[in-house]
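Each remark here refers to the structure printed beneath this line.
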Amino acid sequence: MLRIEHYTKRFGDTVAVHDLSLHIAPGEIYGFIGHNGAGKTTTLKACAGILAPDEGEIYINGLSIRENPLAVKKIIAYLPDNPELYPFLTGIKYLQFIADVFAIPADVRSERIATLAEKFELTGALAQQVSGYSHGMKQRLALIAAFMHEPRLILMDEPFVGLDPQASHLLKTMMREHCERGGAIFFSTHVLDVAERLCDKIAIIKHGELLRAGTTEEVKGDESLEDAFLELVDEGAGSEG
């Protein structure tokens, strides 16, 4: 579903990500872990087609995002860590706009919006302007927009930040259901206990360098994921699984 091949990204003299390779198969929830500034957001933005690689290639469903950007963007969803929504729109107008972008038929979009808004308990707020939403409400609206067009791959940067326990539980359930239908999810998180319970595979990155990647059990071994992560980042070295 997602193949990152020797991805490198520089900002001036700073190498944000160096020679990163990761493969994510259909049906997998893949967690991306690292300290702030490790290169997680840079990588996710590259997978979403926002940042072009300086070196390497990124393929989604067999398509190069460099050569086929529009075709790739039709089959993915990207949720940034701080969703930038249009504050002058109402919630329903924003979702209708996203549905237009992805050419979702009118009857299909109405059903999906109603179902997802009910799940995320946002139905009563859809008539309000986004400018009046709390951070958690904006996060839930962005999640509805992400799932609405049923993408093959969902990219999420810290998706659990700002969600209450009920919404967080719902998101975890929907992530698993999405992958059971053959989709895939690549997401960053600082919530290591959630990653340990939820992820099929995990990659740990530090200063743009991959320290370790593999199944959750391979990455953490006999320890908790938190202990394994702290040991790895302290050592600053590791191997890819």
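Residues are named by chain letter and number: chains run A, B, ... in the order of the structure tokens, numbers start at 1 in each chain, and ligands are numbered from 1 in the order shown.
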So that I can see what lies close to Ala48 (chain A), please list as an MDAnalysis selection string the residues with an atom at most 10 Å from it, counting only C-alpha atoms and leaving out residues fewer than 4 positions away in the same chain.
chainID A and resid 42:44 52 58 60 65 69 72:73 76:79 153:156
Counting only C-alpha atoms, what are the residues of region 148-238 of chain A within 9 Å of region 104-119 of chain A, and for each of them which pair of atoms is the nearest and at what distance in Å, to one decimal? Sort the table by chain and rising number, as a Markdown table.
| residue | atom | partner | partner_atom | distance |
| --- | --- | --- | --- | --- |
| A:Met148 | CA | A:Arg112 | CA | 6.2 |
| A:His149 | CA | A:Ile104 | CA | 6.9 |
| A:Ala167 | CA | A:Lys119 | CA | 8.6 |
| A:Leu170 | CA | A:Lys119 | CA | 7.7 |
Give me, as a tab-separated table, each residue of region 6-101 of chain A that comes within 6 Å of region 175-194 of chain A, together with its shortest interatomic pair and the distance in Å at one decimal, counting only C-alpha atoms, with rows ordered by chain and rising residue number.
residue	atom	partner	partner_atom	distance
A:Pro26	CA	A:Ala184	CA	5.1
A:Gly27	CA	A:Cys179	CA	4.2
A:Glu28	CA	A:Ala184	CA	5.2
A:Ile29	CA	A:Ile185	CA	4.8
A:Tyr30	CA	A:Phe186	CA	4.8
A:Gly31	CA	A:Phe187	CA	5.2
A:Phe32	CA	A:Ser188	CA	4.4
A:Ile33	CA	A:Ser188	CA	5.8
Store the residues picked out above, limited to N, CA and C atoms, as a PDB file, in the first residue's frame.
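The resulting out.pdb:
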ATOM      1  N   PRO A  26      -1.437  -3.515   2.873  1.00  0.00           N
ATOM      2  CA  PRO A  26      -2.874  -3.388   3.147  1.00  0.00           C
ATOM      3  C   PRO A  26      -3.244  -4.153   4.411  1.00  0.00           C
ATOM      4  N   GLY A  27      -4.112  -3.571   5.209  1.00  0.00           N
ATOM      5  CA  GLY A  27      -4.538  -4.217   6.446  1.00  0.00           C
ATOM      6  C   GLY A  27      -3.703  -3.880   7.660  1.00  0.00           C
ATOM      7  N   GLU A  28      -2.645  -3.070   7.484  1.00  0.00           N
ATOM      8  CA  GLU A  28      -1.747  -2.770   8.606  1.00  0.00           C
ATOM      9  C   GLU A  28      -1.986  -1.380   9.187  1.00  0.00           C
ATOM     10  N   ILE A  29      -1.956  -1.320  10.514  1.00  0.00           N
ATOM     11  CA  ILE A  29      -1.868  -0.056  11.240  1.00  0.00           C
ATOM     12  C   ILE A  29      -0.413   0.105  11.640  1.00  0.00           C
ATOM     13  N   TYR A  30       0.228   1.135  11.122  1.00  0.00           N
ATOM     14  CA  TYR A  30       1.672   1.316  11.296  1.00  0.00           C
ATOM     15  C   TYR A  30       1.920   2.585  12.110  1.00  0.00           C
ATOM     16  N   GLY A  31       2.514   2.434  13.273  1.00  0.00           N
ATOM     17  CA  GLY A  31       2.814   3.570  14.133  1.00  0.00           C
ATOM     18  C   GLY A  31       4.198   4.123  13.877  1.00  0.00           C
ATOM     19  N   PHE A  32       4.318   5.443  13.940  1.00  0.00           N
ATOM     20  CA  PHE A  32       5.571   6.150  13.678  1.00  0.00           C
ATOM     21  C   PHE A  32       5.903   6.953  14.926  1.00  0.00           C
ATOM     22  N   ILE A  33       7.011   6.613  15.573  1.00  0.00           N
ATOM     23  CA  ILE A  33       7.308   7.136  16.904  1.00  0.00           C
ATOM     24  C   ILE A  33       8.663   7.835  16.910  1.00  0.00           C
TER      25      ILE A  33
END
Mind checking DSSP for region 1-223 of chain A and telling me the helix (DSSP H, G or I) residues as a PDB file with C-alpha atoms, in the first residue's frame?
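Result file follows (states_21.pdb):
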ATOM      1  CA  LYS A  40       7.783  12.224  11.603  1.00  0.00           C
ATOM      2  CA  THR A  41       5.741  15.162  10.292  1.00  0.00           C
ATOM      3  CA  THR A  42       8.177  15.722   7.416  1.00  0.00           C
ATOM      4  CA  THR A  43       7.753  12.099   6.362  1.00  0.00           C
ATOM      5  CA  LEU A  44       3.962  12.168   6.628  1.00  0.00           C
ATOM      6  CA  LYS A  45       3.794  15.366   4.580  1.00  0.00           C
ATOM      7  CA  ALA A  46       5.955  13.741   1.911  1.00  0.00           C
ATOM      8  CA  CYS A  47       3.602  10.743   1.805  1.00  0.00           C
ATOM      9  CA  PRO A  69       0.251  13.208  -7.554  1.00  0.00           C
ATOM     10  CA  LEU A  70      -3.441  13.669  -8.398  1.00  0.00           C
ATOM     11  CA  ALA A  71      -4.138   9.955  -8.776  1.00  0.00           C
ATOM     12  CA  VAL A  72      -2.460   9.302  -5.430  1.00  0.00           C
ATOM     13  CA  LYS A  73      -4.289  12.081  -3.606  1.00  0.00           C
ATOM     14  CA  GLY A  91     -19.327  22.157   9.681  1.00  0.00           C
ATOM     15  CA  ILE A  92     -21.750  20.789   7.082  1.00  0.00           C
ATOM     16  CA  LYS A  93     -20.501  23.221   4.407  1.00  0.00           C
ATOM     17  CA  TYR A  94     -16.929  22.114   5.085  1.00  0.00           C
ATOM     18  CA  LEU A  95     -17.879  18.447   4.690  1.00  0.00           C
ATOM     19  CA  GLN A  96     -19.818  19.224   1.521  1.00  0.00           C
ATOM     20  CA  PHE A  97     -16.724  20.987   0.173  1.00  0.00           C
ATOM     21  CA  ILE A  98     -14.560  17.931   0.895  1.00  0.00           C
ATOM     22  CA  ALA A  99     -17.195  15.704  -0.713  1.00  0.00           C
ATOM     23  CA  ASP A 100     -17.056  17.909  -3.823  1.00  0.00           C
ATOM     24  CA  VAL A 101     -13.261  17.640  -3.941  1.00  0.00           C
ATOM     25  CA  ALA A 106     -24.930  13.500  -3.374  1.00  0.00           C
ATOM     26  CA  ASP A 107     -26.879  10.533  -2.030  1.00  0.00           C
ATOM     27  CA  VAL A 108     -23.733   8.739  -0.865  1.00  0.00           C
ATOM     28  CA  ARG A 109     -22.255  11.815   0.829  1.00  0.00           C
ATOM     29  CA  SER A 110     -25.453  12.537   2.743  1.00  0.00           C
ATOM     30  CA  GLU A 111     -25.521   9.037   4.191  1.00  0.00           C
ATOM     31  CA  ARG A 112     -21.820   9.027   5.067  1.00  0.00           C
ATOM     32  CA  ILE A 113     -21.910  12.473   6.674  1.00  0.00           C
ATOM     33  CA  ALA A 114     -24.956  11.541   8.746  1.00  0.00           C
ATOM     34  CA  THR A 115     -23.407   8.253   9.876  1.00  0.00           C
ATOM     35  CA  LEU A 116     -19.997   9.676  10.736  1.00  0.00           C
ATOM     36  CA  ALA A 117     -21.373  12.807  12.411  1.00  0.00           C
ATOM     37  CA  GLU A 118     -23.540  10.632  14.635  1.00  0.00           C
ATOM     38  CA  LYS A 119     -20.593   8.413  15.526  1.00  0.00           C
ATOM     39  CA  THR A 123     -24.519  16.160  14.328  1.00  0.00           C
ATOM     40  CA  GLY A 124     -25.889  19.020  16.425  1.00  0.00           C
ATOM     41  CA  ALA A 125     -22.868  21.222  15.681  1.00  0.00           C
ATOM     42  CA  VAL A 130     -16.092  26.149  12.410  1.00  0.00           C
ATOM     43  CA  SER A 131     -14.708  29.324  14.039  1.00  0.00           C
ATOM     44  CA  GLY A 132     -16.837  28.502  17.082  1.00  0.00           C
ATOM     45  CA  HIS A 135     -10.062  22.011  19.293  1.00  0.00           C
ATOM     46  CA  GLY A 136     -11.658  18.652  19.948  1.00  0.00           C
ATOM     47  CA  MET A 137     -14.637  19.465  17.717  1.00  0.00           C
ATOM     48  CA  LYS A 138     -12.306  20.547  14.909  1.00  0.00           C
ATOM     49  CA  GLN A 139     -10.391  17.301  15.310  1.00  0.00           C
ATOM     50  CA  ARG A 140     -13.602  15.289  15.037  1.00  0.00           C
ATOM     51  CA  LEU A 141     -14.726  17.258  11.972  1.00  0.00           C
ATOM     52  CA  ALA A 142     -11.364  16.633  10.318  1.00  0.00           C
ATOM     53  CA  LEU A 143     -11.656  12.912  11.102  1.00  0.00           C
ATOM     54  CA  ILE A 144     -15.094  12.778   9.487  1.00  0.00           C
ATOM     55  CA  ALA A 145     -13.613  14.459   6.402  1.00  0.00           C
ATOM     56  CA  ALA A 146     -10.747  11.959   6.345  1.00  0.00           C
ATOM     57  CA  PHE A 147     -12.913   8.852   6.519  1.00  0.00           C
ATOM     58  CA  MET A 148     -15.740  10.192   4.345  1.00  0.00           C
ATOM     59  CA  PRO A 165     -11.732   9.208  25.814  1.00  0.00           C
ATOM     60  CA  GLN A 166     -14.940   8.313  23.985  1.00  0.00           C
ATOM     61  CA  ALA A 167     -13.817   9.847  20.679  1.00  0.00           C
ATOM     62  CA  SER A 168     -10.379   8.287  21.116  1.00  0.00           C
ATOM     63  CA  HIS A 169     -11.937   4.847  21.581  1.00  0.00           C
ATOM     64  CA  LEU A 170     -14.132   5.376  18.516  1.00  0.00           C
ATOM     65  CA  LEU A 171     -11.145   6.408  16.402  1.00  0.00           C
ATOM     66  CA  LYS A 172      -9.195   3.295  17.394  1.00  0.00           C
ATOM     67  CA  THR A 173     -12.184   1.133  16.465  1.00  0.00           C
ATOM     68  CA  MET A 174     -12.582   2.875  13.106  1.00  0.00           C
ATOM     69  CA  MET A 175      -8.876   2.546  12.351  1.00  0.00           C
ATOM     70  CA  ARG A 176      -9.051  -1.198  12.872  1.00  0.00           C
ATOM     71  CA  GLU A 177     -12.241  -1.523  10.827  1.00  0.00           C
ATOM     72  CA  HIS A 178     -10.665   0.483   8.008  1.00  0.00           C
ATOM     73  CA  CYS A 179      -7.743  -1.930   7.865  1.00  0.00           C
ATOM     74  CA  GLU A 180     -10.009  -4.984   8.051  1.00  0.00           C
ATOM     75  CA  LEU A 192       3.065   4.842  23.408  1.00  0.00           C
ATOM     76  CA  ASP A 193       0.607   2.658  25.288  1.00  0.00           C
ATOM     77  CA  VAL A 194      -1.974   3.278  22.553  1.00  0.00           C
ATOM     78  CA  ALA A 195       0.601   2.434  19.872  1.00  0.00           C
ATOM     79  CA  GLU A 196       1.577  -0.753  21.695  1.00  0.00           C
ATOM     80  CA  ARG A 197      -2.026  -1.996  21.852  1.00  0.00           C
ATOM     81  CA  LEU A 198      -3.175  -0.756  18.451  1.00  0.00           C
ATOM     82  CA  THR A 216       5.189  -4.380  17.526  1.00  0.00           C
ATOM     83  CA  GLU A 217       6.494  -7.514  19.226  1.00  0.00           C
ATOM     84  CA  GLU A 218       9.787  -7.340  17.337  1.00  0.00           C
ATOM     85  CA  VAL A 219      10.307  -3.687  18.197  1.00  0.00           C
ATOM     86  CA  LYS A 220       9.543  -3.931  21.910  1.00  0.00           C
TER      87      LYS A 220
END
